[in-house]
$ cat coords.cif   # mmCIF, C-alpha atoms
data_my_file
#
loop_
_atom_site.group_PDB
_atom_site.id
_atom_site.type_symbol
_atom_site.label_atom_id
_atom_site.label_comp_id
_atom_site.auth_asym_id
_atom_site.auth_seq_id
_atom_site.Cartn_x
_atom_site.Cartn_y
_atom_site.Cartn_z
ATOM 1 C CA MET A 313 12.843 -13.085 -13.007
ATOM 2 C CA ASN A 314 11.134 -14.669 -16.014
ATOM 3 C CA ARG A 315 7.446 -15.525 -16.014
ATOM 4 C CA LEU A 316 7.955 -19.244 -15.323
ATOM 5 C CA GLY A 317 10.226 -18.475 -12.407
ATOM 6 C CA ARG A 318 7.727 -16.062 -10.889
ATOM 7 C CA ILE A 319 4.929 -18.599 -11.251
ATOM 8 C CA ALA A 320 7.031 -21.180 -9.424
ATOM 9 C CA VAL A 321 7.789 -18.812 -6.552
ATOM 10 C CA VAL A 322 4.154 -17.775 -6.221
ATOM 11 C CA ALA A 323 3.111 -21.431 -6.207
ATOM 12 C CA VAL A 324 5.473 -22.099 -3.289
ATOM 13 C CA SER A 325 4.082 -19.050 -1.458
ATOM 14 C CA VAL A 326 0.513 -20.238 -1.935
ATOM 15 C CA LEU A 327 1.454 -23.541 -0.297
ATOM 16 C CA GLY A 328 2.675 -21.554 2.690
ATOM 17 C CA LEU A 329 6.328 -22.538 2.322
ATOM 18 C CA THR A 330 7.720 -19.126 1.419
ATOM 19 C CA ALA A 331 5.353 -17.004 3.492
ATOM 20 C CA GLY A 332 5.751 -19.005 6.670
ATOM 21 C CA SER A 333 9.173 -20.609 6.494
ATOM 22 C CA ALA A 334 11.141 -18.096 8.538
ATOM 23 C CA TRP A 335 8.611 -17.272 11.262
ATOM 24 C CA GLY A 336 6.072 -20.103 11.358
ATOM 25 C CA ALA A 337 3.220 -21.329 9.206
ATOM 26 C CA PRO A 338 0.329 -19.010 8.298
ATOM 27 C CA VAL A 339 -2.295 -18.772 11.017
ATOM 28 C CA ALA A 340 -5.940 -17.763 11.139
ATOM 29 C CA TRP A 341 -6.944 -14.146 10.580
ATOM 30 C CA PRO A 342 -6.868 -12.526 14.051
ATOM 31 C CA GLY A 343 -10.097 -10.585 13.514
ATOM 32 C CA GLY A 344 -13.678 -11.503 12.755
ATOM 33 C CA SER A 345 -14.274 -14.285 10.268
ATOM 34 C CA SER A 346 -17.163 -12.512 8.506
ATOM 35 C CA VAL A 347 -16.613 -9.976 5.725
ATOM 36 C CA ALA A 348 -19.257 -7.732 4.129
ATOM 37 C CA THR A 349 -19.380 -5.598 1.002
ATOM 38 C CA ALA A 350 -18.725 -1.924 1.736
ATOM 39 C CA ASP A 351 -19.777 -0.166 -1.479
ATOM 40 C CA GLY A 352 -22.848 0.125 -3.666
ATOM 41 C CA SER A 353 -23.328 -2.135 -6.661
ATOM 42 C CA ASN A 354 -20.838 -1.376 -9.450
ATOM 43 C CA VAL A 355 -19.844 2.033 -8.047
ATOM 44 C CA PHE A 356 -16.186 1.733 -9.030
ATOM 45 C CA GLY A 357 -16.037 -0.992 -11.667
ATOM 46 C CA GLU A 358 -12.707 -2.758 -12.116
ATOM 47 C CA ASN A 359 -9.191 -1.534 -11.273
ATOM 48 C CA LEU A 360 -9.726 -0.123 -7.782
ATOM 49 C CA SER A 361 -6.371 -0.613 -6.099
ATOM 50 C CA GLY A 362 -4.761 1.082 -3.063
ATOM 51 C CA LEU A 363 -6.546 2.280 0.093
ATOM 52 C CA SER A 364 -5.613 4.557 2.986
ATOM 53 C CA PHE A 365 -7.501 5.969 5.963
ATOM 54 C CA GLN A 366 -6.961 9.710 6.340
ATOM 55 C CA SER A 367 -9.144 9.586 9.452
ATOM 56 C CA ALA A 368 -11.882 7.382 10.847
ATOM 57 C CA SER A 369 -14.356 9.126 8.518
ATOM 58 C CA VAL A 370 -12.265 9.651 5.362
ATOM 59 C CA VAL A 371 -10.630 6.981 3.201
ATOM 60 C CA TRP A 372 -8.652 7.546 0.011
ATOM 61 C CA ALA A 373 -8.716 4.994 -2.798
ATOM 62 C CA VAL A 374 -6.968 4.978 -6.150
ATOM 63 C CA LYS A 375 -7.875 3.390 -9.456
ATOM 64 C CA ASN A 376 -5.125 2.231 -11.794
ATOM 65 C CA GLY A 377 -6.911 2.607 -15.098
ATOM 66 C CA PRO A 378 -7.772 5.320 -15.785
ATOM 67 C CA GLY A 379 -5.722 6.888 -13.001
ATOM 68 C CA LYS A 380 -8.145 8.310 -10.440
ATOM 69 C CA ALA A 381 -8.322 9.151 -6.753
ATOM 70 C CA TYR A 382 -11.482 8.813 -4.699
ATOM 71 C CA ARG A 383 -12.199 10.467 -1.371
ATOM 72 C CA LEU A 384 -14.526 8.066 0.424
ATOM 73 C CA VAL A 385 -16.941 9.025 3.188
ATOM 74 C CA PRO A 386 -19.253 6.875 5.328
ATOM 75 C CA ASP A 387 -22.442 5.579 3.744
ATOM 76 C CA GLY A 388 -24.284 3.664 6.440
ATOM 77 C CA ALA A 389 -22.040 0.719 7.263
ATOM 78 C CA GLY A 390 -20.138 1.203 4.009
ATOM 79 C CA TRP A 391 -18.384 3.917 2.005
ATOM 80 C CA LYS A 392 -19.141 6.089 -1.006
ATOM 81 C CA PRO A 393 -17.018 8.441 -3.121
ATOM 82 C CA ASP A 394 -17.388 12.210 -2.631
ATOM 83 C CA PRO A 395 -17.532 13.559 -5.283
ATOM 84 C CA SER A 396 -19.056 10.512 -6.905
ATOM 85 C CA ALA A 397 -16.938 10.687 -10.066
ATOM 86 C CA GLY A 398 -13.584 10.760 -8.290
ATOM 87 C CA LYS A 399 -10.640 12.903 -9.398
ATOM 88 C CA THR A 400 -8.571 12.333 -12.521
ATOM 89 C CA LEU A 401 -4.826 12.183 -11.848
ATOM 90 C CA ARG A 402 -2.047 13.758 -13.882
ATOM 91 C CA TYR A 403 1.737 13.956 -13.603
ATOM 92 C CA ALA A 404 3.447 17.160 -12.461
ATOM 93 C CA ASP A 405 3.502 18.496 -16.027
ATOM 94 C CA GLY A 406 -0.288 18.190 -16.213
ATOM 95 C CA LYS A 407 -0.097 15.332 -18.702
ATOM 96 C CA GLY A 408 -0.299 11.555 -18.815
ATOM 97 C CA ASP A 409 -2.446 8.931 -17.099
ATOM 98 C CA PRO A 410 -0.638 7.602 -14.001
ATOM 99 C CA ASP A 411 -1.323 3.941 -13.298
ATOM 100 C CA ALA A 412 -2.169 4.579 -9.638
ATOM 101 C CA GLU A 413 -1.678 1.399 -7.600
ATOM 102 C CA GLY A 414 -1.069 2.520 -4.019
ATOM 103 C CA VAL A 415 -2.019 5.534 -1.910
ATOM 104 C CA VAL A 416 -1.290 6.902 1.540
ATOM 105 C CA ALA A 417 -2.705 9.955 3.287
ATOM 106 C CA SER A 418 0.302 11.540 4.995
ATOM 107 C CA PRO A 419 1.177 14.920 6.528
ATOM 108 C CA ASP A 420 2.662 15.834 3.128
ATOM 109 C CA GLY A 421 -0.552 15.226 1.184
ATOM 110 C CA ILE A 422 -2.129 12.353 -0.726
ATOM 111 C CA VAL A 423 0.831 10.349 -1.998
ATOM 112 C CA VAL A 424 0.411 7.793 -4.774
ATOM 113 C CA ALA A 425 2.621 4.943 -6.013
ATOM 114 C CA THR A 426 2.463 4.259 -9.759
ATOM 115 C CA GLU A 427 3.990 1.665 -12.065
ATOM 116 C CA ARG A 428 3.609 3.201 -15.521
ATOM 117 C CA ASP A 429 1.916 5.872 -17.624
ATOM 118 C CA ASN A 430 -1.219 4.253 -19.056
ATOM 119 C CA SER A 431 -0.589 6.314 -22.188
ATOM 120 C CA ASP A 432 2.554 4.213 -22.679
ATOM 121 C CA ASN A 433 1.628 0.773 -21.354
ATOM 122 C CA ASP A 434 4.748 -1.026 -22.555
ATOM 123 C CA ASN A 435 7.260 0.878 -20.440
ATOM 124 C CA SER A 436 7.791 0.757 -16.697
ATOM 125 C CA LEU A 437 7.724 4.148 -14.937
ATOM 126 C CA LEU A 438 8.042 3.789 -11.175
ATOM 127 C CA LYS A 439 7.014 7.159 -9.818
ATOM 128 C CA VAL A 440 5.688 8.401 -6.504
ATOM 129 C CA LEU A 441 3.345 11.360 -6.906
ATOM 130 C CA ARG A 442 2.101 13.870 -4.315
ATOM 131 C CA TYR A 443 -1.320 15.533 -4.613
ATOM 132 C CA ASP A 444 -3.283 18.165 -2.745
ATOM 133 C CA GLY A 445 -6.199 16.262 -1.247
ATOM 134 C CA THR A 446 -7.957 19.486 -0.250
ATOM 135 C CA SER A 447 -8.366 20.631 -3.853
ATOM 136 C CA SER A 448 -11.921 20.848 -5.198
ATOM 137 C CA ALA A 449 -10.717 20.403 -8.800
ATOM 138 C CA SER A 450 -11.962 17.411 -10.775
ATOM 139 C CA THR A 451 -8.436 16.863 -12.161
ATOM 140 C CA LEU A 452 -5.430 16.799 -9.857
ATOM 141 C CA THR A 453 -1.946 17.617 -11.101
ATOM 142 C CA ALA A 454 0.878 16.256 -8.971
ATOM 143 C CA THR A 455 2.463 18.944 -6.786
ATOM 144 C CA ARG A 456 5.659 16.897 -6.621
ATOM 145 C CA GLU A 457 6.930 13.665 -8.183
ATOM 146 C CA TRP A 458 9.837 11.315 -7.570
ATOM 147 C CA ASN A 459 10.991 8.978 -10.321
ATOM 148 C CA LEU A 460 12.381 5.867 -8.598
ATOM 149 C CA THR A 461 12.776 3.822 -11.801
ATOM 150 C CA SER A 462 16.569 3.943 -11.963
ATOM 151 C CA ASP A 463 16.927 3.057 -8.272
ATOM 152 C CA LEU A 464 14.750 -0.072 -8.393
ATOM 153 C CA PRO A 465 15.057 -3.409 -10.219
ATOM 154 C CA ASP A 466 14.187 -3.486 -13.901
ATOM 155 C CA VAL A 467 10.630 -4.846 -14.007
ATOM 156 C CA ASP A 468 7.803 -5.479 -16.413
ATOM 157 C CA SER A 469 5.495 -2.499 -16.905
ATOM 158 C CA ASN A 470 2.731 -4.336 -15.026
ATOM 159 C CA SER A 471 4.886 -5.581 -12.127
ATOM 160 C CA GLY A 472 6.030 -2.335 -10.569
ATOM 161 C CA LEU A 473 5.074 -0.274 -7.523
ATOM 162 C CA GLU A 474 1.851 -1.556 -5.952
ATOM 163 C CA GLY A 475 1.744 -0.321 -2.374
ATOM 164 C CA ILE A 476 2.865 2.652 -0.305
ATOM 165 C CA SER A 477 2.785 3.627 3.343
ATOM 166 C CA TRP A 478 4.270 6.347 5.548
ATOM 167 C CA VAL A 479 6.050 5.806 8.873
ATOM 168 C CA PRO A 480 6.784 8.774 11.167
ATOM 169 C CA ASP A 481 10.349 9.613 12.144
ATOM 170 C CA SER A 482 9.334 9.647 15.795
ATOM 171 C CA PHE A 483 8.467 5.942 15.630
ATOM 172 C CA LEU A 484 11.566 4.989 13.651
ATOM 173 C CA THR A 485 13.972 6.771 15.987
ATOM 174 C CA ALA A 486 12.240 5.454 19.105
ATOM 175 C CA HIS A 487 12.745 1.896 17.847
ATOM 176 C CA GLY A 488 16.316 2.243 16.612
ATOM 177 C CA PHE A 489 15.579 1.856 12.897
ATOM 178 C CA ARG A 490 18.716 1.004 10.912
ATOM 179 C CA ASP A 491 19.683 3.326 8.049
ATOM 180 C CA GLU A 492 21.307 1.126 5.410
ATOM 181 C CA HIS A 493 22.433 4.179 3.429
ATOM 182 C CA THR A 494 24.622 5.524 6.242
ATOM 183 C CA GLY A 495 25.214 2.227 8.026
ATOM 184 C CA THR A 496 24.108 3.742 11.332
ATOM 185 C CA THR A 497 20.929 4.221 13.351
ATOM 186 C CA TYR A 498 18.468 6.350 11.401
ATOM 187 C CA ASN A 499 18.825 10.087 12.030
ATOM 188 C CA PRO A 500 16.144 12.243 10.358
ATOM 189 C CA ALA A 501 18.500 15.233 10.280
ATOM 190 C CA THR A 502 20.560 13.410 7.652
ATOM 191 C CA TYR A 503 17.815 14.045 5.105
ATOM 192 C CA ALA A 504 17.011 17.746 5.042
ATOM 193 C CA GLY A 505 13.628 18.627 3.606
ATOM 194 C CA HIS A 506 12.190 15.106 3.708
ATOM 195 C CA GLY A 507 9.331 16.020 6.037
ATOM 196 C CA THR A 508 8.591 14.082 9.211
ATOM 197 C CA GLY A 509 8.694 10.476 8.053
ATOM 198 C CA LEU A 510 9.792 7.930 5.480
ATOM 199 C CA TYR A 511 7.788 6.434 2.624
ATOM 200 C CA PHE A 512 7.751 2.661 2.221
ATOM 201 C CA VAL A 513 6.898 1.302 -1.232
ATOM 202 C CA GLY A 514 6.182 -2.284 -2.249
ATOM 203 C CA LEU A 515 7.354 -3.765 -5.553
ATOM 204 C CA GLU A 516 5.082 -6.408 -7.055
ATOM 205 C CA ASP A 517 7.797 -8.137 -9.053
ATOM 206 C CA ASN A 518 9.899 -9.340 -6.123
ATOM 207 C CA GLY A 519 7.777 -8.654 -3.033
ATOM 208 C CA ALA A 520 10.424 -6.333 -1.580
ATOM 209 C CA ILE A 521 9.715 -3.160 0.397
ATOM 210 C CA TYR A 522 11.895 -0.080 -0.032
ATOM 211 C CA ALA A 523 12.067 2.828 2.447
ATOM 212 C CA TYR A 524 12.747 6.294 1.034
ATOM 213 C CA ALA A 525 13.422 9.776 2.296
ATOM 214 C CA LEU A 526 11.638 11.946 -0.280
ATOM 215 C CA ASN A 527 12.707 15.590 -0.437
ATOM 216 C CA GLN A 528 9.429 17.509 -0.313
ATOM 217 C CA SER A 529 10.888 20.538 -2.113
ATOM 218 C CA SER A 530 12.522 18.757 -5.040
ATOM 219 C CA SER A 531 12.506 15.503 -6.990
ATOM 220 C CA SER A 532 15.472 14.105 -5.064
ATOM 221 C CA TYR A 533 15.286 11.044 -2.842
ATOM 222 C CA THR A 534 17.455 8.603 -0.902
ATOM 223 C CA ARG A 535 16.804 4.925 -0.314
ATOM 224 C CA VAL A 536 17.190 4.248 3.398
ATOM 225 C CA ALA A 537 16.411 0.524 3.606
ATOM 226 C CA THR A 538 15.395 -2.586 1.668
ATOM 227 C CA ILE A 539 13.037 -4.971 3.459
ATOM 228 C CA THR A 540 11.837 -8.525 2.837
ATOM 229 C CA SER A 541 8.028 -8.617 3.007
ATOM 230 C CA GLY A 542 7.656 -12.384 3.313
ATOM 231 C CA PHE A 543 5.918 -12.655 -0.063
ATOM 232 C CA SER A 544 7.143 -13.142 -3.608
ATOM 233 C CA GLU A 545 4.706 -10.359 -4.555
ATOM 234 C CA VAL A 546 3.302 -7.464 -2.539
ATOM 235 C CA MET A 547 0.114 -5.536 -3.353
ATOM 236 C CA ASP A 548 -0.299 -3.038 -0.531
ATOM 237 C CA LEU A 549 1.362 -1.728 2.615
ATOM 238 C CA GLU A 550 -0.211 -0.352 5.768
ATOM 239 C CA PHE A 551 1.491 1.056 8.854
ATOM 240 C CA ASP A 552 -0.661 0.749 11.963
ATOM 241 C CA ALA A 553 0.586 3.449 14.317
ATOM 242 C CA ALA A 554 -1.397 2.034 17.244
ATOM 243 C CA THR A 555 0.552 -1.243 17.239
ATOM 244 C CA GLY A 556 3.744 -0.218 15.442
ATOM 245 C CA ARG A 557 3.281 -2.951 12.858
ATOM 246 C CA LEU A 558 3.840 -2.621 9.125
ATOM 247 C CA TRP A 559 1.415 -4.846 7.219
ATOM 248 C CA ALA A 560 2.147 -6.267 3.764
ATOM 249 C CA ALA A 561 -0.786 -7.604 1.777
ATOM 250 C CA CYS A 562 -0.856 -10.014 -1.137
ATOM 251 C CA ASP A 563 -3.714 -10.772 -3.546
ATOM 252 C CA ASP A 564 -5.228 -14.037 -4.809
ATOM 253 C CA GLY A 565 -1.768 -15.107 -5.997
ATOM 254 C CA CYS A 566 -0.914 -15.658 -2.309
ATOM 255 C CA SER A 567 -4.418 -16.740 -1.248
ATOM 256 C CA GLY A 568 -5.166 -13.297 0.188
ATOM 257 C CA ARG A 569 -2.605 -13.525 2.988
ATOM 258 C CA THR A 570 -1.026 -10.696 4.946
ATOM 259 C CA THR A 571 2.176 -10.431 6.952
ATOM 260 C CA THR A 572 3.055 -8.179 9.852
ATOM 261 C CA LEU A 573 6.537 -6.726 10.205
ATOM 262 C CA GLU A 574 8.151 -5.153 13.263
ATOM 263 C CA ILE A 575 11.522 -3.556 13.956
ATOM 264 C CA ASN A 576 13.822 -6.173 15.480
ATOM 265 C CA THR A 577 16.880 -5.853 17.712
ATOM 266 C CA ALA A 578 19.034 -5.212 14.627
ATOM 267 C CA GLY A 579 16.902 -2.178 13.777
ATOM 268 C CA LYS A 580 15.313 -3.795 10.731
ATOM 269 C CA PHE A 581 11.689 -4.419 9.848
ATOM 270 C CA ALA A 582 11.231 -8.190 9.752
ATOM 271 C CA PRO A 583 8.140 -10.430 9.354
ATOM 272 C CA THR A 584 6.654 -11.600 12.644
ATOM 273 C CA ALA A 585 3.434 -13.346 11.532
ATOM 274 C CA THR A 586 1.569 -14.454 8.425
ATOM 275 C CA TYR A 587 -2.227 -14.488 8.430
ATOM 276 C CA ASN A 588 -4.692 -16.226 6.184
ATOM 277 C CA ARG A 589 -7.546 -14.120 4.853
ATOM 278 C CA PRO A 590 -10.767 -14.136 6.912
ATOM 279 C CA SER A 591 -12.613 -17.427 6.402
ATOM 280 C CA GLY A 592 -15.704 -15.527 5.291
ATOM 281 C CA MET A 593 -13.947 -13.892 2.322
ATOM 282 C CA ALA A 594 -13.349 -15.639 -1.004
ATOM 283 C CA ASN A 595 -9.889 -15.600 -2.591
ATOM 284 C CA LEU A 596 -10.334 -12.233 -4.305
ATOM 285 C CA ASN A 597 -7.972 -10.076 -6.333
ATOM 286 C CA ASN A 598 -7.515 -7.709 -3.381
ATOM 287 C CA GLU A 599 -4.919 -5.051 -4.206
ATOM 288 C CA GLY A 600 -5.805 -2.599 -1.434
ATOM 289 C CA PHE A 601 -5.669 -3.008 2.353
ATOM 290 C CA ALA A 602 -6.267 -0.388 5.057
ATOM 291 C CA ILE A 603 -6.809 -0.349 8.817
ATOM 292 C CA SER A 604 -8.881 2.312 10.585
ATOM 293 C CA PRO A 605 -6.981 4.454 13.110
ATOM 294 C CA THR A 606 -9.955 4.319 15.492
ATOM 295 C CA CYS A 607 -11.072 1.524 17.804
ATOM 296 C CA THR A 608 -14.727 1.014 18.679
ATOM 297 C CA SER A 609 -15.854 -1.538 21.270
ATOM 298 C CA GLY A 610 -12.534 -3.354 21.066
ATOM 299 C CA THR A 611 -12.284 -3.624 17.280
ATOM 300 C CA LYS A 612 -11.121 -1.565 14.344
ATOM 301 C CA THR A 613 -12.378 -1.629 10.770
ATOM 302 C CA VAL A 614 -10.333 -3.179 7.980
ATOM 303 C CA LEU A 615 -10.997 -2.492 4.293
ATOM 304 C CA TRP A 616 -9.963 -4.442 1.198
ATOM 305 C CA SER A 617 -10.305 -3.313 -2.428
ATOM 306 C CA ASP A 618 -10.887 -5.916 -5.133
ATOM 307 C CA ASP A 619 -9.346 -4.957 -8.469
ATOM 308 C CA SER A 620 -11.700 -7.376 -10.255
ATOM 309 C CA ASN A 621 -14.915 -5.871 -8.808
ATOM 310 C CA THR A 622 -16.207 -9.365 -8.041
ATOM 311 C CA SER A 623 -20.021 -9.575 -8.026
ATOM 312 C CA ASN A 624 -20.045 -5.829 -8.803
ATOM 313 C CA HIS A 625 -18.392 -4.881 -5.504
ATOM 314 C CA ALA A 626 -14.873 -3.481 -5.134
ATOM 315 C CA LEU A 627 -14.843 -2.752 -1.378
ATOM 316 C CA ARG A 628 -15.188 -5.172 1.516
ATOM 317 C CA ARG A 629 -14.957 -4.617 5.265
ATOM 318 C CA GLY A 630 -13.918 -6.744 8.199
ATOM 319 C CA THR A 631 -12.468 -6.281 11.662
ATOM 320 C CA LEU A 632 -9.313 -6.634 13.730
ATOM 321 C CA PRO A 633 -8.899 -6.504 17.509
ATOM 322 C CA CYS A 634 -7.502 -3.158 18.630
ATOM 323 C CA SER A 635 -4.336 -4.933 19.812
ATOM 324 C CA SER A 636 -3.599 -6.530 16.414
#

$ encode --input "coords.cif" --output "structure tokens"
Amino acid sequence: MNRLGRIAVVAVSVLGLTAGSAWGAPVAWPGGSSVATADGSNVFGENLSGLSFQSASVVWAVKNGPGKAYRLVPDGAGWKPDPSAGKTLRYADGKGDPDAEGVVASPDGIVVATERDNSDNDNSLLKVLRYDGTSSASTLTATREWNLTSDLPDVDSNSGLEGISWVPDSFLTAHGFRDEHTGTTYNPATYAGHGTGLYFVGLEDNGAIYAYALNQSSSSYTRVATITSGFSEVMDLEFDAATGRLWAACDDGCSGRTTTLEINTAGKFAPTATYNRPSGMANLNNEGFAISPTCTSGTKTVLWSDDSNTSNHALRRGTLPCSS
């Protein structure tokens, strides 16, 4: 889609017509209205993008320029990187500067979605990269990479993969997930070597979500499903295992809204609700969204990362009820 067309679609989404047309108008954020900063002043600078909880006490964040990964640990009520400088990312050949936009901590490792090599800004390169999060090295070379460029729509170099999440096979089979590649109910045994779940990636250009079986021993992959997120753009994805909901997050282009998706009777993930951002948070350029796996006193922590580092802060925290 050309630039004018994309602007028109985003404008409709901001008005709530696209995001709410199929399943109701956007409603209030289901958690607390207040939001607080969750990092020190100017710790990350600009370009902090995807977020993922590895556990209640470890969060991974990625920066898209230069490509870096940060392991975050608690710092009072907030979070700080450990080590403080983060880890420089490289492709599997040890070269390049991956534009890291999304991250998920999975049983396979720290898996990152990228949209281009920053060393070649003019060309789209839609790769998913796997890293060893236990490494003490200051530079991480991908232990495996999957180049999805030829399998996805042709997009601008700055409109590619933005979000990634991982959904376990056990959940997908229990809920009758539909495999669009085979035309039958999803059977993990169809995809030897893919691990124990599927990776879901979000494409900024069209807001679509794509589910992949990634062979963990090679660069091969199979697209299993294509999903409508409810947005014309998508910036991050988060699967909440406690509720079985897949969240899609948009940035200031969609007024900071999120959608939840659940597997319907046809075996497909479909939007079930659209939420406005918390009333206590400005319309920020939030490109990262993560939900804590742990509930405390009826609530769980939510984190957002602001690519623009507004007021010298890139991380903000809020809450959701444990049932949301």

$ resolve_selection --input "coords.cif" --expression "the PyMOL selection byres ((chain A and resi 562-575) around 7)" --output "PDB file with C-alpha atoms, keeping the file's coordinate frame"
ATOM      1  CA  VAL A 322       4.154 -17.775  -6.221  1.00  0.00           C
ATOM      2  CA  SER A 325       4.082 -19.050  -1.458  1.00  0.00           C
ATOM      3  CA  VAL A 326       0.513 -20.238  -1.935  1.00  0.00           C
ATOM      4  CA  HIS A 487      12.745   1.896  17.847  1.00  0.00           C
ATOM      5  CA  PHE A 489      15.579   1.856  12.897  1.00  0.00           C
ATOM      6  CA  GLY A 542       7.656 -12.384   3.313  1.00  0.00           C
ATOM      7  CA  GLU A 545       4.706 -10.359  -4.555  1.00  0.00           C
ATOM      8  CA  VAL A 546       3.302  -7.464  -2.539  1.00  0.00           C
ATOM      9  CA  MET A 547       0.114  -5.536  -3.353  1.00  0.00           C
ATOM     10  CA  GLY A 556       3.744  -0.218  15.442  1.00  0.00           C
ATOM     11  CA  ARG A 557       3.281  -2.951  12.858  1.00  0.00           C
ATOM     12  CA  LEU A 558       3.840  -2.621   9.125  1.00  0.00           C
ATOM     13  CA  TRP A 559       1.415  -4.846   7.219  1.00  0.00           C
ATOM     14  CA  ALA A 560       2.147  -6.267   3.764  1.00  0.00           C
ATOM     15  CA  ALA A 561      -0.786  -7.604   1.777  1.00  0.00           C
ATOM     16  CA  ASN A 576      13.822  -6.173  15.480  1.00  0.00           C
ATOM     17  CA  THR A 577      16.880  -5.853  17.712  1.00  0.00           C
ATOM     18  CA  GLY A 579      16.902  -2.178  13.777  1.00  0.00           C
ATOM     19  CA  LYS A 580      15.313  -3.795  10.731  1.00  0.00           C
ATOM     20  CA  PHE A 581      11.689  -4.419   9.848  1.00  0.00           C
ATOM     21  CA  ALA A 582      11.231  -8.190   9.752  1.00  0.00           C
ATOM     22  CA  PRO A 583       8.140 -10.430   9.354  1.00  0.00           C
ATOM     23  CA  THR A 584       6.654 -11.600  12.644  1.00  0.00           C
ATOM     24  CA  ALA A 585       3.434 -13.346  11.532  1.00  0.00           C
ATOM     25  CA  THR A 586       1.569 -14.454   8.425  1.00  0.00           C
ATOM     26  CA  TYR A 587      -2.227 -14.488   8.430  1.00  0.00           C
ATOM     27  CA  ASN A 588      -4.692 -16.226   6.184  1.00  0.00           C
ATOM     28  CA  ARG A 589      -7.546 -14.120   4.853  1.00  0.00           C
ATOM     29  CA  ASN A 595      -9.889 -15.600  -2.591  1.00  0.00           C
ATOM     30  CA  LEU A 596     -10.334 -12.233  -4.305  1.00  0.00           C
ATOM     31  CA  ASN A 597      -7.972 -10.076  -6.333  1.00  0.00           C
ATOM     32  CA  ASN A 598      -7.515  -7.709  -3.381  1.00  0.00           C
ATOM     33  CA  GLU A 599      -4.919  -5.051  -4.206  1.00  0.00           C
TER      34      GLU A 599
END

$ residues_around --input "coords.cif" --residues "Gly362 (chain A)" --least-positions-apart "4" --cutoff "12 Å" --atoms "all atoms listed in the file" --output "MDAnalysis selection string"
chainID A and resid 371:376 379:382 411:417 422:426 473:477 513:514 546:550 561:563 598:602 615:619 626:627

$ residues_around --input "coords.cif" --residues "Pro465 (chain A)" --least-positions-apart "6" --cutoff "10 Å" --atoms "only C-alpha atoms" --output "ChimeraX atom specification"
/A:472,515,517-518

$ residues_around --input "coords.cif" --residues "Thr496 (chain A)" --least-positions-apart "2" --cutoff "12 Å" --atoms "all atoms listed in the file" --output "VMD selection string"
chain A and resid 485 488 to 494 498 to 500 502 536 to 537 578 to 580

$ residues_near_point --input "coords.cif" --point "(6.5, 4.4, 7.5)" --cutoff "9 Å" --atoms "only C-alpha atoms" --output "ChimeraX atom specification"
/A:476-481,483-484,509-512,523,550-551,558

$ build_atoms --input "coords.cif" --residues "region 465-476 of chain A" --atoms "N, CA and C atoms" --output "PDB file, in the frame of the given file"
ATOM      1  N   PRO A 465      14.808  -2.383  -9.204  1.00  0.00           N
ATOM      2  CA  PRO A 465      15.057  -3.409 -10.219  1.00  0.00           C
ATOM      3  C   PRO A 465      14.276  -3.142 -11.512  1.00  0.00           C
ATOM      4  N   ASP A 466      14.841  -3.595 -12.598  1.00  0.00           N
ATOM      5  CA  ASP A 466      14.187  -3.486 -13.901  1.00  0.00           C
ATOM      6  C   ASP A 466      13.028  -4.483 -13.935  1.00  0.00           C
ATOM      7  N   VAL A 467      11.803  -3.980 -14.088  1.00  0.00           N
ATOM      8  CA  VAL A 467      10.630  -4.846 -14.007  1.00  0.00           C
ATOM      9  C   VAL A 467       9.717  -4.630 -15.202  1.00  0.00           C
ATOM     10  N   ASP A 468       8.844  -5.595 -15.392  1.00  0.00           N
ATOM     11  CA  ASP A 468       7.803  -5.479 -16.413  1.00  0.00           C
ATOM     12  C   ASP A 468       6.906  -4.293 -16.086  1.00  0.00           C
ATOM     13  N   SER A 469       6.309  -3.708 -17.114  1.00  0.00           N
ATOM     14  CA  SER A 469       5.495  -2.499 -16.905  1.00  0.00           C
ATOM     15  C   SER A 469       4.267  -2.745 -16.051  1.00  0.00           C
ATOM     16  N   ASN A 470       3.889  -4.015 -15.861  1.00  0.00           N
ATOM     17  CA  ASN A 470       2.731  -4.336 -15.026  1.00  0.00           C
ATOM     18  C   ASN A 470       3.136  -5.071 -13.747  1.00  0.00           C
ATOM     19  N   SER A 471       4.397  -4.908 -13.335  1.00  0.00           N
ATOM     20  CA  SER A 471       4.886  -5.581 -12.127  1.00  0.00           C
ATOM     21  C   SER A 471       5.664  -4.621 -11.238  1.00  0.00           C
ATOM     22  N   GLY A 472       5.277  -3.360 -11.273  1.00  0.00           N
ATOM     23  CA  GLY A 472       6.030  -2.335 -10.569  1.00  0.00           C
ATOM     24  C   GLY A 472       5.510  -2.010  -9.185  1.00  0.00           C
ATOM     25  N   LEU A 473       5.496  -0.717  -8.844  1.00  0.00           N
ATOM     26  CA  LEU A 473       5.074  -0.274  -7.523  1.00  0.00           C
ATOM     27  C   LEU A 473       3.587  -0.534  -7.328  1.00  0.00           C
ATOM     28  N   GLU A 474       3.253  -1.213  -6.231  1.00  0.00           N
ATOM     29  CA  GLU A 474       1.851  -1.556  -5.952  1.00  0.00           C
ATOM     30  C   GLU A 474       1.338  -0.966  -4.645  1.00  0.00           C
ATOM     31  N   GLY A 475       2.192  -0.794  -3.676  1.00  0.00           N
ATOM     32  CA  GLY A 475       1.744  -0.321  -2.374  1.00  0.00           C
ATOM     33  C   GLY A 475       2.639   0.770  -1.843  1.00  0.00           C
ATOM     34  N   ILE A 476       2.088   1.587  -0.930  1.00  0.00           N
ATOM     35  CA  ILE A 476       2.865   2.652  -0.305  1.00  0.00           C
ATOM     36  C   ILE A 476       2.305   2.922   1.079  1.00  0.00           C
TER      37      ILE A 476
END
